[in-house]
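Since the structure comes first, as structure tokens, the remarks are kept for the end.
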Amino acid sequence: MNNMEADMGRVLQVERDRLRALYAGMKDCHGWYDHTKAKPNPEKNGKIELKDIAETRDRPPTPDLWDRHLQGTYPVGIYPRRDDGMCLWGMIDIDQYGPGALVAEIAARRVKVAGMPLVVCRSKSGGAHVYLFLTDWTPSMQVGKALRVLAEKIGYRDVKEVYPPTTGGQGNWLTMPYFGCWSEEGPTRYGVTAGGKGMMLGTFLNIAEASRVNQAKLAELLRAPARTEDGPTQDEARRQLEWRAGLVCGAAPLDANNQLSPAAFDMGKWCRDTGLPEEEARAEMLRAWMVRKGNDRGAEAEFNDVWQRQFKAGQKMGEPATRGERKQKKIALVTNLADVIARKIDWCWKPYLARGVVTMFSGPGGQGKSQVTLDLAARLTKVGVWPDGTPIPQEQMGRVLLLSAEDGKATTIKPRLVAMGGDPSRVDILDGKEDEDGNEKDIDFDHDTDVVDWQLAQHDDYALVIVDPVTAYAGKTNTHMTSVVRSLIRPLQKMAEKHNVAVLCIGHPPKGRGRAAADSFSGSKAYIDAARVAWVADVEHNEVEDEDGKIRNEETGRVFFAISKTNIGPGGPEYTWAFRKEIVCLGENDEIEVSRIEWLGKVRRTADQVVGYRDEVGEARPGPKPDERERAEKFLLDILADGPKLRKEIEVAAKEAKITLPTLANARKALGNRLVIEQEKHGARRSWWRREDAPMQEDLF
């Protein structure tokens, strides 16, 4: 064993001993169950029950058993109450499970808002265990009753179970958190922050040890009035303090006192309502004051006079800092760039698909967009090679979460995935959500991104989320309003960054052709603008000459694929694909014919050309093909060769020549000064067109 391994071993031993001391309880026995047989009960919304597989063992929970607990081979259970009726910790069991917002995250947020010294852990079933840690051994009935009061203060008035129980007696033993945290799989029971992040064992121990309270502090907590979720928090108080201190520091010379007085009065309210120490608020405001005064002699005495009067007035007379009041304050949320840890872009398929990024994929219906996403899913779950032949590193492969509003799971999605070589066991389809009454509801990103977030938190190996199509999950959102669409996409982007997954959203193009690739997404342009990468696909056409010598478009059977916009890297080569039929065997006598994507290699064509733009005079622009417009130009010059003509006459003749009015208008613009348009000065004021080199007929004008 080298020195590094020895040091690591000592660190793990220290963490084990700290955890063991934190959860000290009954000494001569412990609980255990066969964790390989612990299964969710679907009749109880996924709760894992231990009745038939749990047992109490008459031996102390030794350091060796705790080691096995942390290694994930032997779950240790502890009775909080000692034989003498005293305990050092207790727990509130938030018995809620199933899909939706993470229960532990909600509980942690409530604990933070209420300002209680409680620590929240995710339970094995997906619920929440809220722990109270004490500095001294305390009568268990007193702790149990205190937990009931604290549960109400954090918004769980009807909680069913607390440990130790309030009725006396031993109660049940409790499985300890961080089971398996030393294993490759990691723990399923772990501490959770108010922001929804899981804690490493060392972080949890630091927070839990710092939160321990003595009996006097516990009694004070029980007497203090409960704060609601609308109440202010210390974090908000500190932001308010920073804002007020900034006003004082930057005030004009004659306005400094005018800024300090309301600041001191305001902080009196905030410190009273959030428990922020007055010393902290005073020190921050004094620093700002001294900067403004340039450390003038007597400045601190002047500050003390104003602060003492106004701070006390705020504490005594000021109304509570309500949420409505806080909304009126413009408090900037700032991250200093020095605190940001720079990192490289985590590419899946460079430069097309990246983790932590939302990618949009647009193209007409029936061109294989959904099949392409399943092809990528197959490559990430099993195939291991991208369409350009680039191998996928093992650490980049993983699970795929699919939200599909159009294709059938049994008849389309699974057969196609199997045909493309994917692993169905690594693809999860999110069908919807379950509301509080147990009814199944559709996912709506305007309200339900937490459902997707919850599912991603169930596995740590998700690589890709597919949303097909994204407009099906927009709910009642007006997808043509830029600000609304941005508010829809932003949570997806945050979720992609939080879980380090690639998010691929399918969309459809607007009606009609002749658009730039950047405008090829139906609805607000914010869909493309908010995404960091956008793809476009469209059917390939070739120009062919028929027997009459006319040029027409003919589909080749291939589909173009190109990057239409990227903000995170260089563009990449354009590709084509085609559809191939394949027979998939999903059972002994169950054969299904499906189509699959076959990538045909690179092509030389721009994204604008893919969606119908033509490269004319050095720029891409919509409009008719060059030969059609040129024919219309020649038509105009010929029909006007013998003098001016009425616009109506020209349009009738153009229609007979099978020239459309838009093409005629484009030809007129292209001729520029070679074509003159004039209006009659009297009468019907009709429009006349003439060639620039033809004389004007005076008798008509």
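Within each chain, counting starts at residue 1; across the structure tokens, chains are named A, B, ... in the order shown, with ligands numbered 1 upward in that order.
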
Determine, counting only C-alpha atoms, which protein, DNA and RNA residues have an atom within 10 Å of an atom of region 78-83 of chain A; residues of the same chain fewer than 2 positions away are not included. Present the result as a short mmCIF file (atom, residue, chain, number, x, y, z; two decimals) with all heavy atoms, in the first residue's frame.
```cif
data_model
loop_
_atom_site.label_atom_id
_atom_site.label_comp_id
_atom_site.auth_asym_id
_atom_site.auth_seq_id
_atom_site.Cartn_x
_atom_site.Cartn_y
_atom_site.Cartn_z
N ARG A 20 -20.57 7.15 12.87
CA ARG A 20 -20.95 6.23 13.96
C ARG A 20 -21.25 7.00 15.24
O ARG A 20 -22.22 6.71 15.96
CB ARG A 20 -19.81 5.24 14.17
CG ARG A 20 -20.09 4.14 15.17
CD ARG A 20 -18.97 3.13 15.14
NE ARG A 20 -19.09 2.18 16.23
CZ ARG A 20 -18.13 1.86 17.07
NH1 ARG A 20 -16.94 2.41 16.95
NH2 ARG A 20 -18.34 0.98 18.02
N TYR A 23 -24.64 8.98 15.02
CA TYR A 23 -25.84 8.16 15.15
C TYR A 23 -25.71 7.16 16.29
O TYR A 23 -26.19 6.03 16.18
CB TYR A 23 -26.12 7.44 13.84
CG TYR A 23 -26.68 8.34 12.76
CD1 TYR A 23 -25.87 8.85 11.77
CD2 TYR A 23 -28.03 8.68 12.76
CE1 TYR A 23 -26.38 9.67 10.77
CE2 TYR A 23 -28.55 9.51 11.78
CZ TYR A 23 -27.72 10.00 10.79
OH TYR A 23 -28.24 10.82 9.81
N ALA A 24 -25.09 7.57 17.37
CA ALA A 24 -24.99 6.68 18.52
C ALA A 24 -26.39 6.40 19.07
O ALA A 24 -27.24 7.28 19.12
CB ALA A 24 -24.12 7.32 19.61
N GLY A 25 -26.63 5.15 19.47
CA GLY A 25 -27.92 4.77 20.02
C GLY A 25 -27.77 3.55 20.89
O GLY A 25 -26.81 3.44 21.67
N MET A 26 -28.69 2.60 20.79
CA MET A 26 -28.61 1.38 21.60
C MET A 26 -27.33 0.63 21.28
O MET A 26 -26.99 0.43 20.11
CB MET A 26 -29.85 0.51 21.33
CG MET A 26 -29.93 -0.69 22.27
SD MET A 26 -31.53 -1.51 22.18
CE MET A 26 -32.53 -0.33 23.06
N LYS A 27 -26.60 0.21 22.32
CA LYS A 27 -25.26 -0.31 22.14
C LYS A 27 -25.20 -1.80 21.83
O LYS A 27 -24.30 -2.26 21.13
CB LYS A 27 -24.42 -0.05 23.41
CG LYS A 27 -24.19 1.42 23.70
CD LYS A 27 -23.33 1.58 24.94
CE LYS A 27 -23.06 3.05 25.22
NZ LYS A 27 -22.22 3.23 26.45
N ASP A 28 -26.13 -2.60 22.37
CA ASP A 28 -25.96 -4.05 22.36
C ASP A 28 -26.69 -4.77 21.24
O ASP A 28 -26.70 -6.00 21.19
CB ASP A 28 -26.41 -4.62 23.71
CG ASP A 28 -25.57 -4.08 24.85
OD1 ASP A 28 -24.37 -3.81 24.62
OD2 ASP A 28 -26.12 -3.91 25.96
N CYS A 29 -27.36 -4.05 20.36
CA CYS A 29 -28.04 -4.70 19.24
C CYS A 29 -28.13 -3.74 18.07
O CYS A 29 -27.87 -2.54 18.21
CB CYS A 29 -29.43 -5.18 19.65
SG CYS A 29 -30.57 -3.85 20.08
N HIS A 30 -28.51 -4.24 16.92
CA HIS A 30 -28.68 -3.41 15.74
C HIS A 30 -29.65 -4.10 14.79
O HIS A 30 -29.97 -5.29 14.94
CB HIS A 30 -27.34 -3.16 15.04
CG HIS A 30 -26.77 -4.37 14.36
ND1 HIS A 30 -26.03 -5.32 15.05
CD2 HIS A 30 -26.85 -4.82 13.08
CE1 HIS A 30 -25.67 -6.28 14.22
NE2 HIS A 30 -26.15 -5.99 13.01
N GLY A 31 -30.11 -3.36 13.81
CA GLY A 31 -31.02 -3.91 12.81
C GLY A 31 -30.28 -4.26 11.53
O GLY A 31 -29.23 -3.69 11.21
N TRP A 32 -30.87 -5.19 10.78
CA TRP A 32 -30.28 -5.62 9.50
C TRP A 32 -31.40 -6.16 8.62
O TRP A 32 -32.42 -6.64 9.11
CB TRP A 32 -29.23 -6.72 9.74
CG TRP A 32 -28.73 -7.34 8.45
CD1 TRP A 32 -27.71 -6.90 7.67
CD2 TRP A 32 -29.24 -8.52 7.81
NE1 TRP A 32 -27.55 -7.71 6.57
CE2 TRP A 32 -28.48 -8.73 6.63
CE3 TRP A 32 -30.27 -9.42 8.10
CZ2 TRP A 32 -28.72 -9.78 5.75
CZ3 TRP A 32 -30.51 -10.47 7.22
CH2 TRP A 32 -29.74 -10.65 6.08
N THR A 56 -33.67 -8.07 13.95
CA THR A 56 -32.81 -7.43 14.95
C THR A 56 -31.77 -8.45 15.40
O THR A 56 -32.11 -9.59 15.74
CB THR A 56 -33.63 -6.96 16.15
OG1 THR A 56 -34.59 -5.99 15.71
CG2 THR A 56 -32.73 -6.32 17.20
N PRO A 60 -23.47 -5.74 19.02
CA PRO A 60 -23.31 -4.29 18.84
C PRO A 60 -22.96 -3.94 17.40
O PRO A 60 -22.37 -4.75 16.68
CB PRO A 60 -22.17 -3.94 19.80
CG PRO A 60 -21.45 -5.21 20.07
CD PRO A 60 -22.43 -6.32 19.89
N PRO A 61 -23.31 -2.72 16.97
CA PRO A 61 -22.93 -2.26 15.62
C PRO A 61 -21.45 -1.87 15.61
O PRO A 61 -21.09 -0.72 15.85
CB PRO A 61 -23.84 -1.06 15.38
CG PRO A 61 -24.17 -0.56 16.75
CD PRO A 61 -24.16 -1.74 17.66
N VAL A 76 -26.84 -1.28 8.06
CA VAL A 76 -26.90 -1.22 9.52
C VAL A 76 -28.09 -0.37 9.95
O VAL A 76 -28.29 0.74 9.44
CB VAL A 76 -25.60 -0.62 10.08
CG1 VAL A 76 -25.75 -0.31 11.57
CG2 VAL A 76 -24.44 -1.58 9.87
N GLY A 85 -33.42 5.19 28.17
CA GLY A 85 -34.45 6.11 27.70
C GLY A 85 -33.92 7.42 27.16
O GLY A 85 -34.70 8.34 26.90
N MET A 86 -32.61 7.54 26.95
CA MET A 86 -32.00 8.77 26.46
C MET A 86 -31.62 8.60 24.98
O MET A 86 -31.38 7.48 24.50
CB MET A 86 -30.76 9.12 27.26
CG MET A 86 -30.98 9.16 28.77
SD MET A 86 -32.02 10.53 29.28
CE MET A 86 -30.79 11.83 29.35
N CYS A 87 -31.58 9.71 24.27
CA CYS A 87 -31.17 9.64 22.86
C CYS A 87 -30.36 10.87 22.48
O CYS A 87 -30.45 11.92 23.13
CB CYS A 87 -32.36 9.45 21.93
SG CYS A 87 -33.51 10.82 21.92
N LEU A 88 -29.61 10.73 21.40
CA LEU A 88 -28.72 11.79 20.93
C LEU A 88 -29.17 12.36 19.58
O LEU A 88 -28.61 13.32 19.09
CB LEU A 88 -27.29 11.24 20.81
CG LEU A 88 -26.12 12.23 20.80
CD1 LEU A 88 -26.12 13.07 22.08
CD2 LEU A 88 -24.81 11.47 20.66
N TRP A 89 -30.20 11.73 19.02
CA TRP A 89 -30.71 12.19 17.72
C TRP A 89 -32.13 11.67 17.53
O TRP A 89 -32.56 10.75 18.22
CB TRP A 89 -29.81 11.74 16.56
CG TRP A 89 -29.64 10.24 16.46
CD1 TRP A 89 -28.75 9.47 17.16
CD2 TRP A 89 -30.39 9.33 15.65
NE1 TRP A 89 -28.89 8.15 16.84
CE2 TRP A 89 -29.89 8.03 15.89
CE3 TRP A 89 -31.44 9.48 14.74
CZ2 TRP A 89 -30.40 6.91 15.27
CZ3 TRP A 89 -31.95 8.35 14.10
CH2 TRP A 89 -31.42 7.09 14.36
N GLY A 90 -32.84 12.27 16.61
CA GLY A 90 -34.18 11.83 16.27
C GLY A 90 -34.47 12.11 14.81
O GLY A 90 -33.68 12.79 14.13
N MET A 91 -35.58 11.60 14.34
CA MET A 91 -35.87 11.71 12.90
C MET A 91 -37.36 11.87 12.63
O MET A 91 -38.19 11.21 13.27
CB MET A 91 -35.33 10.47 12.17
CG MET A 91 -35.40 10.56 10.65
SD MET A 91 -36.94 9.87 9.99
CE MET A 91 -36.59 8.12 10.10
N TRP A 137 -27.14 13.83 25.67
CA TRP A 137 -28.17 12.79 25.74
C TRP A 137 -29.41 13.37 26.41
O TRP A 137 -29.34 13.98 27.48
CB TRP A 137 -27.65 11.59 26.52
CG TRP A 137 -26.58 10.84 25.77
CD1 TRP A 137 -25.24 11.01 25.88
CD2 TRP A 137 -26.80 9.83 24.80
NE1 TRP A 137 -24.58 10.17 25.01
CE2 TRP A 137 -25.52 9.42 24.34
CE3 TRP A 137 -27.92 9.22 24.25
CZ2 TRP A 137 -25.35 8.44 23.37
CZ3 TRP A 137 -27.76 8.24 23.29
CH2 TRP A 137 -26.50 7.86 22.86
N THR A 138 -30.56 13.19 25.75
CA THR A 138 -31.80 13.85 26.15
C THR A 138 -32.91 12.80 26.27
O THR A 138 -32.93 11.84 25.49
CB THR A 138 -32.20 14.91 25.10
OG1 THR A 138 -31.11 15.81 24.93
CG2 THR A 138 -33.43 15.69 25.51
N PRO A 139 -33.84 12.94 27.20
CA PRO A 139 -34.95 11.97 27.30
C PRO A 139 -35.67 11.81 25.96
O PRO A 139 -36.03 12.79 25.31
CB PRO A 139 -35.86 12.58 28.37
CG PRO A 139 -34.93 13.39 29.22
CD PRO A 139 -33.91 13.94 28.28
N SER A 140 -35.87 10.56 25.57
CA SER A 140 -36.40 10.28 24.23
C SER A 140 -37.82 10.82 24.04
O SER A 140 -38.16 11.29 22.95
CB SER A 140 -36.38 8.77 23.96
OG SER A 140 -37.20 8.09 24.91
N MET A 141 -38.66 10.77 25.09
CA MET A 141 -40.01 11.29 24.93
C MET A 141 -39.99 12.79 24.69
O MET A 141 -40.79 13.32 23.91
CB MET A 141 -40.86 10.95 26.17
CG MET A 141 -41.19 9.47 26.29
SD MET A 141 -42.34 9.10 27.64
CE MET A 141 -43.81 9.94 27.08
N TYR A 163 -39.15 9.41 15.18
CA TYR A 163 -38.33 8.47 15.96
C TYR A 163 -37.33 9.28 16.78
O TYR A 163 -36.64 10.14 16.22
CB TYR A 163 -37.58 7.52 15.02
CG TYR A 163 -38.49 6.71 14.14
CD1 TYR A 163 -38.85 7.18 12.88
CD2 TYR A 163 -38.99 5.48 14.56
CE1 TYR A 163 -39.70 6.44 12.06
CE2 TYR A 163 -39.83 4.74 13.75
CZ TYR A 163 -40.18 5.22 12.50
OH TYR A 163 -41.01 4.49 11.71
N PRO A 164 -37.25 9.02 18.09
CA PRO A 164 -38.01 8.02 18.86
C PRO A 164 -39.48 8.44 19.00
O PRO A 164 -39.79 9.62 18.91
CB PRO A 164 -37.30 8.03 20.21
CG PRO A 164 -36.71 9.39 20.32
CD PRO A 164 -36.31 9.77 18.93
N PRO A 165 -40.36 7.47 19.25
CA PRO A 165 -41.80 7.79 19.34
C PRO A 165 -42.12 8.61 20.58
O PRO A 165 -41.42 8.55 21.59
CB PRO A 165 -42.45 6.40 19.38
CG PRO A 165 -41.40 5.49 19.89
CD PRO A 165 -40.09 6.03 19.39
N GLY A 168 -43.32 6.78 24.21
CA GLY A 168 -42.42 5.96 25.00
C GLY A 168 -42.16 4.65 24.28
O GLY A 168 -42.64 4.39 23.18
N GLY A 169 -41.41 3.75 24.91
CA GLY A 169 -41.08 2.50 24.26
C GLY A 169 -39.90 2.67 23.33
O GLY A 169 -39.43 3.77 23.04
N GLN A 170 -39.43 1.52 22.84
CA GLN A 170 -38.21 1.53 22.04
C GLN A 170 -38.45 2.03 20.61
O GLN A 170 -37.64 2.73 20.03
CB GLN A 170 -37.61 0.12 21.98
CG GLN A 170 -36.27 0.04 21.27
CD GLN A 170 -35.24 0.94 21.93
OE1 GLN A 170 -34.97 0.83 23.11
NE2 GLN A 170 -34.70 1.87 21.17
N GLY A 171 -39.58 1.65 20.02
CA GLY A 171 -39.81 2.00 18.62
C GLY A 171 -38.98 1.14 17.69
O GLY A 171 -38.39 0.13 18.10
N ASN A 172 -38.93 1.49 16.43
CA ASN A 172 -38.21 0.71 15.44
C ASN A 172 -36.77 1.18 15.32
O ASN A 172 -36.44 2.31 15.65
CB ASN A 172 -38.88 0.84 14.07
CG ASN A 172 -40.28 0.28 14.07
OD1 ASN A 172 -40.57 -0.68 14.78
ND2 ASN A 172 -41.16 0.88 13.29
N TRP A 173 -35.92 0.29 14.79
CA TRP A 173 -34.59 0.75 14.41
C TRP A 173 -34.66 1.38 13.02
O TRP A 173 -35.58 1.11 12.25
CB TRP A 173 -33.56 -0.37 14.46
CG TRP A 173 -33.90 -1.66 13.72
CD1 TRP A 173 -34.39 -2.80 14.27
CD2 TRP A 173 -33.75 -1.92 12.31
NE1 TRP A 173 -34.58 -3.76 13.32
CE2 TRP A 173 -34.19 -3.25 12.09
CE3 TRP A 173 -33.31 -1.19 11.23
CZ2 TRP A 173 -34.18 -3.85 10.83
CZ3 TRP A 173 -33.29 -1.77 9.97
CH2 TRP A 173 -33.73 -3.08 9.78
N LEU A 174 -33.70 2.21 12.71
CA LEU A 174 -33.69 2.96 11.45
C LEU A 174 -32.43 2.65 10.66
O LEU A 174 -31.32 2.65 11.22
CB LEU A 174 -33.76 4.46 11.72
CG LEU A 174 -34.99 4.94 12.51
CD1 LEU A 174 -34.83 6.39 12.90
CD2 LEU A 174 -36.24 4.76 11.67
N THR A 175 -32.60 2.39 9.38
CA THR A 175 -31.44 2.15 8.51
C THR A 175 -30.66 3.44 8.35
O THR A 175 -31.22 4.51 8.09
CB THR A 175 -31.88 1.65 7.13
OG1 THR A 175 -32.73 0.52 7.30
CG2 THR A 175 -30.67 1.26 6.30
N MET A 176 -29.37 3.37 8.52
CA MET A 176 -28.52 4.55 8.48
C MET A 176 -28.32 5.05 7.04
O MET A 176 -28.35 4.27 6.08
CB MET A 176 -27.16 4.22 9.09
CG MET A 176 -27.23 3.89 10.57
SD MET A 176 -27.68 5.33 11.60
CE MET A 176 -29.46 5.18 11.74
#
```

List as a ChimeraX atom specification the protein and nucleic acid residues near Arg691 (chain A), meaning an atom at most 8 Å away when only C-alpha atoms are counted, but skip any in the same chain fewer than 3 places from it. /A:637,640-641,643-644,674-676,694

Sel. of helix (DSSP H, G or I) residues, region 88-256 of chain A, as an MDAnalysis selection string: chainID A and resid 103:114 140:153 201:210 215:223 234:249 253:256

Residues at most 8 Å from region 299-312 of chain A, counting only C-alpha atoms, excluding those fewer than 4 positions away in the same chain, as a list of chain:residue names?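 Contacts, with the query itself left out: A:Leu260, A:Ser261, A:Pro262, A:Ala264, A:Phe265, A:Asp266, A:Met267, A:Gly268, A:Lys269, A:Arg282, A:Leu286, A:Trp289, A:Met290, A:Lys293, A:Asn295, A:Lys316.
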
Could you write out the selected residues, including N, CA and C atoms, as a PDB file, in the first residue's frame?
```pdb
ATOM      1  N   LEU A 260     -28.043  55.947   4.560  1.00  0.00           N
ATOM      2  CA  LEU A 260     -27.743  55.142   5.740  1.00  0.00           C
ATOM      3  C   LEU A 260     -28.972  54.964   6.628  1.00  0.00           C
ATOM      4  N   SER A 261     -29.767  56.006   6.802  1.00  0.00           N
ATOM      5  CA  SER A 261     -30.922  55.920   7.709  1.00  0.00           C
ATOM      6  C   SER A 261     -31.915  54.843   7.284  1.00  0.00           C
ATOM      7  N   PRO A 262     -32.405  54.849   6.024  1.00  0.00           N
ATOM      8  CA  PRO A 262     -33.345  53.784   5.643  1.00  0.00           C
ATOM      9  C   PRO A 262     -32.689  52.410   5.609  1.00  0.00           C
ATOM     10  N   ALA A 264     -30.334  51.277   7.738  1.00  0.00           N
ATOM     11  CA  ALA A 264     -30.317  50.777   9.115  1.00  0.00           C
ATOM     12  C   ALA A 264     -31.717  50.357   9.566  1.00  0.00           C
ATOM     13  N   PHE A 265     -32.730  51.177   9.223  1.00  0.00           N
ATOM     14  CA  PHE A 265     -34.113  50.855   9.576  1.00  0.00           C
ATOM     15  C   PHE A 265     -34.535  49.534   8.912  1.00  0.00           C
ATOM     16  N   ASP A 266     -34.204  49.376   7.627  1.00  0.00           N
ATOM     17  CA  ASP A 266     -34.573  48.178   6.874  1.00  0.00           C
ATOM     18  C   ASP A 266     -33.893  46.945   7.452  1.00  0.00           C
ATOM     19  N   MET A 267     -32.604  47.047   7.786  1.00  0.00           N
ATOM     20  CA  MET A 267     -31.888  45.896   8.318  1.00  0.00           C
ATOM     21  C   MET A 267     -32.376  45.528   9.713  1.00  0.00           C
ATOM     22  N   GLY A 268     -32.933  46.487  10.442  1.00  0.00           N
ATOM     23  CA  GLY A 268     -33.553  46.142  11.718  1.00  0.00           C
ATOM     24  C   GLY A 268     -34.684  45.151  11.528  1.00  0.00           C
ATOM     25  N   LYS A 269     -35.497  45.365  10.486  1.00  0.00           N
ATOM     26  CA  LYS A 269     -36.591  44.432  10.178  1.00  0.00           C
ATOM     27  C   LYS A 269     -36.056  43.075   9.728  1.00  0.00           C
ATOM     28  N   ARG A 282     -24.174  45.156  10.866  1.00  0.00           N
ATOM     29  CA  ARG A 282     -23.512  46.413  11.230  1.00  0.00           C
ATOM     30  C   ARG A 282     -22.109  46.487  10.629  1.00  0.00           C
ATOM     31  N   LEU A 286     -20.952  49.312   8.079  1.00  0.00           N
ATOM     32  CA  LEU A 286     -19.896  50.217   8.525  1.00  0.00           C
ATOM     33  C   LEU A 286     -18.755  50.266   7.504  1.00  0.00           C
ATOM     34  N   TRP A 289     -19.846  52.498   4.788  1.00  0.00           N
ATOM     35  CA  TRP A 289     -19.879  53.888   5.258  1.00  0.00           C
ATOM     36  C   TRP A 289     -18.471  54.490   5.295  1.00  0.00           C
ATOM     37  N   MET A 290     -17.510  53.744   5.809  1.00  0.00           N
ATOM     38  CA  MET A 290     -16.148  54.247   5.927  1.00  0.00           C
ATOM     39  C   MET A 290     -15.500  54.435   4.559  1.00  0.00           C
ATOM     40  N   LYS A 293     -16.934  57.703   3.335  1.00  0.00           N
ATOM     41  CA  LYS A 293     -16.426  58.850   4.075  1.00  0.00           C
ATOM     42  C   LYS A 293     -14.906  58.996   3.981  1.00  0.00           C
ATOM     43  N   ASN A 295     -12.668  57.273   5.529  1.00  0.00           N
ATOM     44  CA  ASN A 295     -12.076  57.118   6.865  1.00  0.00           C
ATOM     45  C   ASN A 295     -11.850  58.466   7.565  1.00  0.00           C
ATOM     46  N   LYS A 316     -38.514  47.619  16.249  1.00  0.00           N
ATOM     47  CA  LYS A 316     -39.708  47.832  17.063  1.00  0.00           C
ATOM     48  C   LYS A 316     -40.942  48.167  16.230  1.00  0.00           C
TER      49      LYS A 316
END
```
